[in-house]
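Reviewing the structure listed below.
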Amino acid sequence: VAIVPPIAAFVALGFEHSIANMFFFAFAMLLDPARAGEIGIAMLANLGPVIAGNLVGGSVLVALVYWVIYRRKA
């Protein structure tokens with residue numbers, strides 16, 4: 001129950017996740033092998049920014065939240 005709202009918000013805001021996108025591109029190639037080259041070009045154009053955004057979001061923003069929550073006073 002606790003995980004559904006954050007995931008729903010992530011999807012509703014239109015964010016993309018690199019692992020999910022890799023699945024959808026592979027699935028699209030399975031559905032239409034004749035367009036695999038075209039899908040491969042779209043995949044490269046999509047995954048670069050998405051992976052960069054996931055790295056920034058996961059490493060910087062999540063780490064920042066943990067730092068703010070768990071910082072201790074000296």
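Chain labels run A, B, ... following the order of the structure tokens; each chain numbers its residues from 1, and ligands are numbered from 1 in the order shown.
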Per DSSP on the backbone, what are the helix (DSSP H, G or I) residues of chain A, as a ChimeraX atom specification? /A:4-12,18-31,33-70
Residues near A:Ala20, anyone? I mean within 12 Å using only C-alpha atoms, not counting same-chain ones fewer than 5 positions away, as a VMD selection string. chain A and resid 11 15 25 to 27 43 46 to 47 50 to 51 54
Once you have the residues from the selection above, write them out as a PDB file, in the first residue's frame, restricted to N, CA and C atoms.
ATOM      1  N   VAL A  11       4.798   7.908 -12.478  1.00  0.00           N
ATOM      2  CA  VAL A  11       4.223   7.671 -13.805  1.00  0.00           C
ATOM      3  C   VAL A  11       3.342   8.844 -14.233  1.00  0.00           C
ATOM      4  N   PHE A  15       7.641  10.873 -15.792  1.00  0.00           N
ATOM      5  CA  PHE A  15       9.045  10.503 -15.684  1.00  0.00           C
ATOM      6  C   PHE A  15       9.269   9.145 -16.326  1.00  0.00           C
ATOM      7  N   PHE A  25      11.541  -1.150 -25.327  1.00  0.00           N
ATOM      8  CA  PHE A  25      12.195  -1.157 -26.635  1.00  0.00           C
ATOM      9  C   PHE A  25      12.417  -2.588 -27.127  1.00  0.00           C
ATOM     10  N   ALA A  26      12.854  -3.471 -26.246  1.00  0.00           N
ATOM     11  CA  ALA A  26      13.042  -4.874 -26.641  1.00  0.00           C
ATOM     12  C   ALA A  26      11.710  -5.507 -27.022  1.00  0.00           C
ATOM     13  N   PHE A  27      10.668  -5.189 -26.283  1.00  0.00           N
ATOM     14  CA  PHE A  27       9.339  -5.712 -26.583  1.00  0.00           C
ATOM     15  C   PHE A  27       8.844  -5.194 -27.937  1.00  0.00           C
ATOM     16  N   MET A  43      15.880   4.147 -29.462  1.00  0.00           N
ATOM     17  CA  MET A  43      16.341   3.672 -28.159  1.00  0.00           C
ATOM     18  C   MET A  43      17.585   4.447 -27.716  1.00  0.00           C
ATOM     19  N   ASN A  46      16.698   7.936 -26.713  1.00  0.00           N
ATOM     20  CA  ASN A  46      15.906   8.006 -25.494  1.00  0.00           C
ATOM     21  C   ASN A  46      16.724   7.641 -24.266  1.00  0.00           C
ATOM     22  N   LEU A  47      17.514   6.584 -24.356  1.00  0.00           N
ATOM     23  CA  LEU A  47      18.170   6.064 -23.163  1.00  0.00           C
ATOM     24  C   LEU A  47      19.279   6.966 -22.621  1.00  0.00           C
ATOM     25  N   VAL A  50      17.593   9.595 -20.376  1.00  0.00           N
ATOM     26  CA  VAL A  50      16.880   8.912 -19.296  1.00  0.00           C
ATOM     27  C   VAL A  50      17.862   8.329 -18.288  1.00  0.00           C
ATOM     28  N   ILE A  51      18.929   7.695 -18.753  1.00  0.00           N
ATOM     29  CA  ILE A  51      19.927   7.140 -17.835  1.00  0.00           C
ATOM     30  C   ILE A  51      20.606   8.260 -17.061  1.00  0.00           C
ATOM     31  N   ASN A  54      18.186   9.381 -14.427  1.00  0.00           N
ATOM     32  CA  ASN A  54      18.074   8.386 -13.361  1.00  0.00           C
ATOM     33  C   ASN A  54      19.293   8.416 -12.454  1.00  0.00           C
TER      34      ASN A  54
END
Looking at only C-alpha atoms, which of A:Pro33, A:His17, A:Leu44, A:Ile69 is the one that sits closest to A:Gly57?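 Of the candidates, the smallest distance to A:Gly57 is held by A:His17.
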Just to confirm, what's the straight-line distance from atom CA of A:Asp32 to atom CA of A:Ile7 in Å (one decimal)? 29.1 Å
